[in-house]
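Just below is one structure, and these are the notes that go with it.
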Amino acid sequence: PQRVFSGVQPTGNLHLGNYLGAIKRFVELQDRFGCIYCVVDLHAITVWQDPAELRRSIREVAAAFLAAGVDGEKHIVFNQSQVSGHAELAWIFNCVARLGWLNRMTQFKEKAGKDRENASVGLYAYPNLMAADILLYRATHVPVGEDQKQHLELARDIAQKFNNDFAASIAANGLDEKFFPLPEPLIAGPATRVMSLRDGSKKMSKSEPSDASRINLTDDADQIASKIRKAKTDPLPLPETVEGLKDRPEADNLVGIYAALADSDAAAVLAQYGGAQFSAFKQALVDLTVDKLAPINAEMKRLVADPGHIDRVLGHGAERADAIAETTMAAVKDIVGLIRRA
Ligand code: ATP
Ligand code: MG
């Protein structure tokens, strides 16, 4: 069976990149797959989180999923720490993955910065936990932004090494030789890597200090308008063709955002706006962005006002996720040779 898994960290300001690269795609996949969408709170604490703020953020990410159109009844929405299998399987994967593999991860290098000695061990092992998140449900497809491509490749390597290392035991337990499927990244569309509005060479991020660099899902119409009007651009008009976006990262980014919000593509956007000045295009982009985000923003506000309701949705999701997770963990323990409680 084909199954989708993906997660978003409760690390602060959900932004347009999270929406276009991930959450909007989560919604679109619901017709074709059984989907599991997770607020990955254990990932969030790989860097310091204020406890009260973390609780608020967990509910806010869950609210964003629901407000954007994720169906928590048909599909599964929950927060990671409520299902203990994530941490358990991550430990097993800590023992499968090789140091050399993790040493190549660029996100660790970026997030640890210069003071690497002082980064948490969790930040380093983060990709192993991510592999566990996906493989705990034996998910086959993972919608993510471009920045997660390398971690997905690692998850595939871990799945393959586990299947190989334990091939004899998998067979002895009467299980499929491909016990863990090799999960496929779903990275497609015009906004797989939304860039900062202030710097076309950096991705839009929750953890970037400058608020002007991103459009938050909680921004109101005036904030959205002001951030887009101030977004960095070059002095030329918009090109007529997609080739003309080459070496123009800021133009490329704004056209990609427009295309993703309009469910269109860059060529169609340029067929309409090629030759236009940025001032005119930015106004159209403001209108479109406000039009698409305002209903989500309003619904998120409504949902976060009732934390009890969100907590019930998460608890219900966790119960259903746990049922799948327990089956996988029982098999994993048998395969590895651990003795389960009788
Ligand atoms: P942080 O800075 O805390 O890592 P983040 O903005 O990278 O936050 P994550 O929770 O790490 O957000 O990622 C959630 C999902 O959003 C992932 O699928 C990730 O690939 C996607 N994503 C994050 N930033 C972007 C972006 N700029 N463009 C497209 N997708 C993105
Ligand atoms: Mg991230």
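By convention in this document, the chains of the structure tokens carry letters A, B, ... by their order, each chain's residues are numbered from 1, and ligands are numbered from 1 in the order they are shown.
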
*Write out as a list in words each polymer residue whose atoms come within 10 Å of Ile257 (chain A), counting only C-alpha atoms; drop sequence neighbours fewer than 4 positions from it.*
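Final neighbour list, sorted by chain and number: Leu16, Gly17, Leu20, Pro190, Ala191, Thr192, Arg193, Val194, Met195, Ala251, Asp252, Asn253, Leu261, Ala262, Asp263, Ser264, Asp265, Ala266, Leu285, Leu288 and Thr289 of chain A.
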
Write out, as a PDB file, in the first residue's frame, the residues just selected, with N, CA and C atoms.
```pdb
ATOM      1  N   LEU A  16       5.353  31.201   4.126  1.00  0.00           N
ATOM      2  CA  LEU A  16       4.878  30.857   2.788  1.00  0.00           C
ATOM      3  C   LEU A  16       5.650  29.682   2.184  1.00  0.00           C
ATOM      4  N   GLY A  17       6.918  29.540   2.510  1.00  0.00           N
ATOM      5  CA  GLY A  17       7.714  28.403   2.015  1.00  0.00           C
ATOM      6  C   GLY A  17       7.188  27.093   2.583  1.00  0.00           C
ATOM      7  N   LEU A  20       3.795  26.524   0.667  1.00  0.00           N
ATOM      8  CA  LEU A  20       3.866  26.124  -0.747  1.00  0.00           C
ATOM      9  C   LEU A  20       4.704  24.858  -0.937  1.00  0.00           C
ATOM     10  N   PRO A 190       6.344  24.652  -8.751  1.00  0.00           N
ATOM     11  CA  PRO A 190       7.131  25.877  -8.908  1.00  0.00           C
ATOM     12  C   PRO A 190       7.705  26.446  -7.608  1.00  0.00           C
ATOM     13  N   ALA A 191       7.405  25.842  -6.449  1.00  0.00           N
ATOM     14  CA  ALA A 191       7.858  26.464  -5.195  1.00  0.00           C
ATOM     15  C   ALA A 191       8.456  25.440  -4.242  1.00  0.00           C
ATOM     16  N   THR A 192       9.392  24.625  -4.740  1.00  0.00           N
ATOM     17  CA  THR A 192      10.017  23.632  -3.876  1.00  0.00           C
ATOM     18  C   THR A 192      11.080  24.272  -2.989  1.00  0.00           C
ATOM     19  N   ARG A 193      11.501  25.476  -3.343  1.00  0.00           N
ATOM     20  CA  ARG A 193      12.484  26.195  -2.544  1.00  0.00           C
ATOM     21  C   ARG A 193      12.177  27.679  -2.622  1.00  0.00           C
ATOM     22  N   VAL A 194      11.301  28.136  -1.742  1.00  0.00           N
ATOM     23  CA  VAL A 194      10.956  29.556  -1.700  1.00  0.00           C
ATOM     24  C   VAL A 194      12.106  30.292  -1.019  1.00  0.00           C
ATOM     25  N   MET A 195      12.550  31.375  -1.633  1.00  0.00           N
ATOM     26  CA  MET A 195      13.720  32.074  -1.104  1.00  0.00           C
ATOM     27  C   MET A 195      13.299  33.251  -0.225  1.00  0.00           C
ATOM     28  N   ALA A 251      13.757  37.623  -9.049  1.00  0.00           N
ATOM     29  CA  ALA A 251      12.646  37.566  -9.999  1.00  0.00           C
ATOM     30  C   ALA A 251      12.111  36.135 -10.082  1.00  0.00           C
ATOM     31  N   ASP A 252      13.019  35.197 -10.158  1.00  0.00           N
ATOM     32  CA  ASP A 252      12.657  33.787 -10.233  1.00  0.00           C
ATOM     33  C   ASP A 252      11.793  33.395  -9.026  1.00  0.00           C
ATOM     34  N   ASN A 253      12.198  33.871  -7.858  1.00  0.00           N
ATOM     35  CA  ASN A 253      11.475  33.534  -6.630  1.00  0.00           C
ATOM     36  C   ASN A 253      10.060  34.091  -6.653  1.00  0.00           C
ATOM     37  N   LEU A 261       0.976  29.815  -6.026  1.00  0.00           N
ATOM     38  CA  LEU A 261      -0.293  30.267  -5.428  1.00  0.00           C
ATOM     39  C   LEU A 261      -1.439  30.175  -6.430  1.00  0.00           C
ATOM     40  N   ALA A 262      -1.129  30.413  -7.711  1.00  0.00           N
ATOM     41  CA  ALA A 262      -2.167  30.403  -8.747  1.00  0.00           C
ATOM     42  C   ALA A 262      -2.377  29.000  -9.329  1.00  0.00           C
ATOM     43  N   ASP A 263      -1.692  27.991  -8.788  1.00  0.00           N
ATOM     44  CA  ASP A 263      -1.736  26.636  -9.357  1.00  0.00           C
ATOM     45  C   ASP A 263      -1.398  26.658 -10.836  1.00  0.00           C
ATOM     46  N   SER A 264      -0.372  27.422 -11.168  1.00  0.00           N
ATOM     47  CA  SER A 264       0.013  27.601 -12.567  1.00  0.00           C
ATOM     48  C   SER A 264       1.505  27.257 -12.692  1.00  0.00           C
ATOM     49  N   ASP A 265       2.165  27.755 -13.727  1.00  0.00           N
ATOM     50  CA  ASP A 265       3.617  27.578 -13.794  1.00  0.00           C
ATOM     51  C   ASP A 265       4.261  28.874 -14.272  1.00  0.00           C
ATOM     52  N   ALA A 266       5.599  28.899 -14.178  1.00  0.00           N
ATOM     53  CA  ALA A 266       6.316  30.150 -14.456  1.00  0.00           C
ATOM     54  C   ALA A 266       6.057  30.631 -15.885  1.00  0.00           C
ATOM     55  N   LEU A 285       0.873  40.269  -7.145  1.00  0.00           N
ATOM     56  CA  LEU A 285       1.302  39.214  -6.222  1.00  0.00           C
ATOM     57  C   LEU A 285       0.729  39.447  -4.816  1.00  0.00           C
ATOM     58  N   LEU A 288      -2.949  38.379  -4.931  1.00  0.00           N
ATOM     59  CA  LEU A 288      -3.093  36.923  -4.987  1.00  0.00           C
ATOM     60  C   LEU A 288      -2.739  36.293  -3.631  1.00  0.00           C
ATOM     61  N   THR A 289      -1.635  36.754  -3.031  1.00  0.00           N
ATOM     62  CA  THR A 289      -1.185  36.184  -1.756  1.00  0.00           C
ATOM     63  C   THR A 289      -2.230  36.419  -0.666  1.00  0.00           C
TER      64      THR A 289
END
```

*Could you pull the residues within 10 Å of region 234-247 of chain A, counting only C-alpha atoms, minus those fewer than 4 positions along the same chain, as a PyMOL selection string?*
chain A and resi 251-253+255+265-281

*Around ligand 2, at most 8 Å away and counting only C-alpha atoms and all ligand atoms, which residues are there? Put them as a ChimeraX atom specification, please.*
/A:9,147-148,205-206

Restrict the selected residues to N, CA and C atoms and save them as a CSV table (one decimal), in the first residue's frame.
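Result saved to again.csv:
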```
chain,number,residue,atom,x,y,z
A,9,GLN,N,8.1,21.2,11.7
A,9,GLN,CA,8.6,21.5,13.0
A,9,GLN,C,7.9,22.7,13.7
A,147,ASP,N,15.0,21.5,0.3
A,147,ASP,CA,16.0,21.5,1.4
A,147,ASP,C,16.1,20.1,2.1
A,148,GLN,N,15.0,19.3,2.0
A,148,GLN,CA,15.0,18.0,2.7
A,148,GLN,C,15.5,16.8,1.8
A,205,SER,N,13.0,30.9,5.9
A,205,SER,CA,13.1,30.0,7.0
A,205,SER,C,12.4,30.6,8.2
A,206,LYS,N,11.9,29.6,9.1
A,206,LYS,CA,11.3,30.0,10.3
A,206,LYS,C,12.3,30.7,11.3
```

Could you produce a table of the residues of chain A lying within 9 Å of ligand 1, with the nearest pair of atoms per residue and their separation in Å rounded to one decimal, using only C-alpha atoms and all ligand atoms, ordered by chain and increasing residue number, as a tab-separated table?
```
residue	atom	partner	partner_atom_place_in_ligand_line	distance
A:Ser6	CA	ligand 1	18 (O)	7.0
A:Gly7	CA	ligand 1	14 (C)	6.3
A:Val8	CA	ligand 1	10 (O)	3.9
A:Gln9	CA	ligand 1	10 (O)	3.7
A:Pro10	CA	ligand 1	10 (O)	6.6
A:Thr11	CA	ligand 1	3 (O)	5.0
A:Gly12	CA	ligand 1	3 (O)	7.2
A:Asn13	CA	ligand 1	6 (O)	7.9
A:Leu14	CA	ligand 1	6 (O)	6.8
A:His15	CA	ligand 1	6 (O)	6.9
A:Leu16	CA	ligand 1	26 (C)	7.5
A:Gly17	CA	ligand 1	28 (N)	3.8
A:Asn18	CA	ligand 1	16 (O)	3.8
A:Tyr19	CA	ligand 1	16 (O)	7.1
A:Leu20	CA	ligand 1	29 (C)	6.2
A:Gly21	CA	ligand 1	30 (N)	3.6
A:Ala22	CA	ligand 1	18 (O)	4.8
A:Ile23	CA	ligand 1	16 (O)	7.5
A:Val39	CA	ligand 1	10 (O)	8.6
A:Val40	CA	ligand 1	10 (O)	7.8
A:His43	CA	ligand 1	10 (O)	8.6
A:Ala44	CA	ligand 1	3 (O)	7.0
A:Val47	CA	ligand 1	3 (O)	8.8
A:Gln107	CA	ligand 1	4 (O)	8.6
A:Lys111	CA	ligand 1	4 (O)	8.3
A:Val142	CA	ligand 1	18 (O)	8.6
A:Pro143	CA	ligand 1	18 (O)	6.5
A:Val144	CA	ligand 1	18 (O)	3.4
A:Gly145	CA	ligand 1	20 (O)	3.1
A:Glu146	CA	ligand 1	20 (O)	5.7
A:Asp147	CA	ligand 1	20 (O)	5.1
A:Gln148	CA	ligand 1	20 (O)	4.9
A:Lys149	CA	ligand 1	20 (O)	7.9
A:Ile187	CA	ligand 1	20 (O)	8.7
A:Ala191	CA	ligand 1	29 (C)	5.9
A:Thr192	CA	ligand 1	29 (C)	4.5
A:Arg193	CA	ligand 1	28 (N)	3.6
A:Val194	CA	ligand 1	28 (N)	3.7
A:Met195	CA	ligand 1	27 (N)	5.4
A:Ser196	CA	ligand 1	27 (N)	7.3
A:Lys202	CA	ligand 1	27 (N)	8.2
A:Lys203	CA	ligand 1	27 (N)	4.5
A:Met204	CA	ligand 1	27 (N)	3.9
A:Ser205	CA	ligand 1	6 (O)	3.8
A:Lys206	CA	ligand 1	6 (O)	4.2
A:Ser207	CA	ligand 1	2 (O)	4.1
A:Glu208	CA	ligand 1	2 (O)	6.7
A:Arg214	CA	ligand 1	27 (N)	8.8
```

Go ahead and save the picked residues with C-alpha atoms, as a short mmCIF file (atom, residue, chain, number, x, y, z; two decimals), in the first residue's frame.
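Wrote out01.cif, looks like this:
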```cif
data_model
loop_
_atom_site.label_atom_id
_atom_site.label_comp_id
_atom_site.auth_asym_id
_atom_site.auth_seq_id
_atom_site.Cartn_x
_atom_site.Cartn_y
_atom_site.Cartn_z
CA SER A 6 5.50 14.24 6.27
CA GLY A 7 6.18 16.61 9.15
CA VAL A 8 6.62 20.26 10.04
CA GLN A 9 8.60 21.49 13.04
CA PRO A 10 6.93 23.67 15.65
CA THR A 11 9.87 26.07 15.69
CA GLY A 12 8.06 29.38 15.36
CA ASN A 13 6.80 31.34 12.40
CA LEU A 14 5.17 29.17 9.77
CA HIS A 15 5.80 30.86 6.45
CA LEU A 16 4.88 30.86 2.79
CA GLY A 17 7.71 28.40 2.02
CA ASN A 18 6.29 25.87 4.49
CA TYR A 19 2.88 26.37 2.93
CA LEU A 20 3.87 26.12 -0.75
CA GLY A 21 6.66 23.56 -0.33
CA ALA A 22 4.84 21.31 2.13
CA ILE A 23 1.40 22.00 3.63
CA VAL A 39 3.96 18.05 14.08
CA VAL A 40 7.55 17.00 14.69
CA HIS A 43 12.86 17.62 15.97
CA ALA A 44 12.12 21.11 17.26
CA VAL A 47 17.69 23.53 19.19
CA GLN A 107 21.66 21.12 7.19
CA LYS A 111 22.34 25.01 11.67
CA VAL A 142 7.28 11.98 1.39
CA PRO A 143 6.24 15.47 0.25
CA VAL A 144 8.94 17.95 1.32
CA GLY A 145 10.72 21.07 0.15
CA GLU A 146 13.96 20.84 -1.79
CA ASP A 147 16.00 21.47 1.40
CA GLN A 148 15.02 18.01 2.71
CA LYS A 149 16.22 16.08 -0.34
CA ILE A 187 9.53 17.44 -4.54
CA ALA A 191 7.86 26.46 -5.19
CA THR A 192 10.02 23.63 -3.88
CA ARG A 193 12.48 26.19 -2.54
CA VAL A 194 10.96 29.56 -1.70
CA MET A 195 13.72 32.07 -1.10
CA SER A 196 14.04 34.88 1.44
CA LYS A 202 18.90 32.05 1.14
CA LYS A 203 15.83 29.93 1.66
CA MET A 204 12.84 31.42 3.47
CA SER A 205 13.09 30.02 7.02
CA LYS A 206 11.29 30.05 10.34
CA SER A 207 14.51 30.48 12.20
CA GLU A 208 15.79 33.50 10.19
CA ARG A 214 9.42 35.86 5.08
#
```

*Please indicate the distance in Å from CA of Phe180 (chain A) to CA of Phe162 (chain A), rounded to one decimal place.*
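CA of Phe180 (chain A) sits 7.9 Å away from CA of Phe162 (chain A).
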
*From region 152-278 of chain A, collect each residue whose DSSP state is alpha helix (DSSP H) and return the set as JSON, numbers by chain.*
{"A": [152, 153, 154, 155, 156, 157, 158, 159, 160, 161, 162, 163, 164, 165, 167, 168, 169, 170, 171, 172, 221, 222, 223, 224, 225, 226, 227, 228, 229, 230, 249, 250, 251, 252, 253, 254, 255, 256, 257, 258, 259, 260, 261, 266, 267, 268, 269, 270, 271, 272, 273, 278]}

*Hey, which of A:His309, A:Arg198, A:Val304, A:Ile92 ends up closest to Leu338 (chain A)? Count only C-alpha atoms.*
A:Ile92

*Those of region 44-231 of chain A in DSSP strand (DSSP E), formatted as a VMD selection string*: chain A and resid 76 to 79 141 to 143 184 to 186

*Ala321 (chain A) environment, 9 Å, only C-alpha atoms, sequence neighbours closer than 6 positions dropped, as an NGL selection string*: :A and (36 or 76-78 or 83 or 137)

Grab the residues selected above and save them as a PDB file, in the first residue's frame with C-alpha atoms.
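Listed below is the output, result.pdb:
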```
ATOM      1  CA  ILE A  36       0.058  10.836   8.012  1.00  0.00           C
ATOM      2  CA  ILE A  76      -3.874  11.186  10.549  1.00  0.00           C
ATOM      3  CA  VAL A  77      -2.701  14.400  12.232  1.00  0.00           C
ATOM      4  CA  PHE A  78      -0.717  14.170  15.472  1.00  0.00           C
ATOM      5  CA  VAL A  83       3.982   8.146  19.715  1.00  0.00           C
ATOM      6  CA  TYR A 137       4.789   3.877   9.113  1.00  0.00           C
TER       7      TYR A 137
END
```

_Please list as a PyMOL selection string every residue within 8 Å of Asn128 (chain A), counting only C-alpha atoms and excluding residues in the same chain fewer than 5 positions away._
chain A and resi 90+93-94+97+155

*Residues at most 7 Å from Tyr124 (chain A), counting only C-alpha atoms, excluding those fewer than 3 positions away in the same chain, as a PyMOL selection string?*
chain A and resi 108+120-121

Take the residues just selected and output them with C-alpha atoms as a CSV table (one decimal), in the first residue's frame.
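Generated output (selection_14.csv):
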```csv
chain,number,residue,atom,x,y,z
A,108,PHE,CA,23.7,20.2,10.3
A,120,SER,CA,23.3,19.3,20.5
A,121,VAL,CA,23.8,15.7,19.8
```

*Just how far from CA of Ala318 (chain A) is CA of Cys35 (chain A), in Å to one decimal?*
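About the pair CA of Cys35 (chain A) and CA of Ala318 (chain A): they are 13.3 Å apart.
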
*Excluding same-chain residues fewer than 6 positions from Ala305 (chain A), what lies within 12 Å of it counting only C-alpha atoms, as a list in words?*
Arg56, Arg59, Glu60, Ala63, Ala298, Glu299 and Asp311 of chain A

Deliver the residues from the most recent selection as a file, using C-alpha atoms, as a compact mmCIF listing (two decimals), in the first residue's frame.
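The resulting selection-v4.txt:
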```txt
# COMPACT_ATOMS: atom_id res chain seq x y z
CA ARG A 56 1.88 27.20 21.54
CA ARG A 59 -0.91 23.77 18.39
CA GLU A 60 -0.28 26.43 15.79
CA ALA A 63 -4.03 24.48 13.28
CA ALA A 298 -8.70 33.39 9.72
CA GLU A 299 -9.28 29.67 10.24
CA ASP A 311 -5.43 18.67 21.62
```

*Could you state the separation of CA of Glu319 (chain A) and CA of Ala331 (chain A) in Å, given to one decimal place?*
18.9 Å
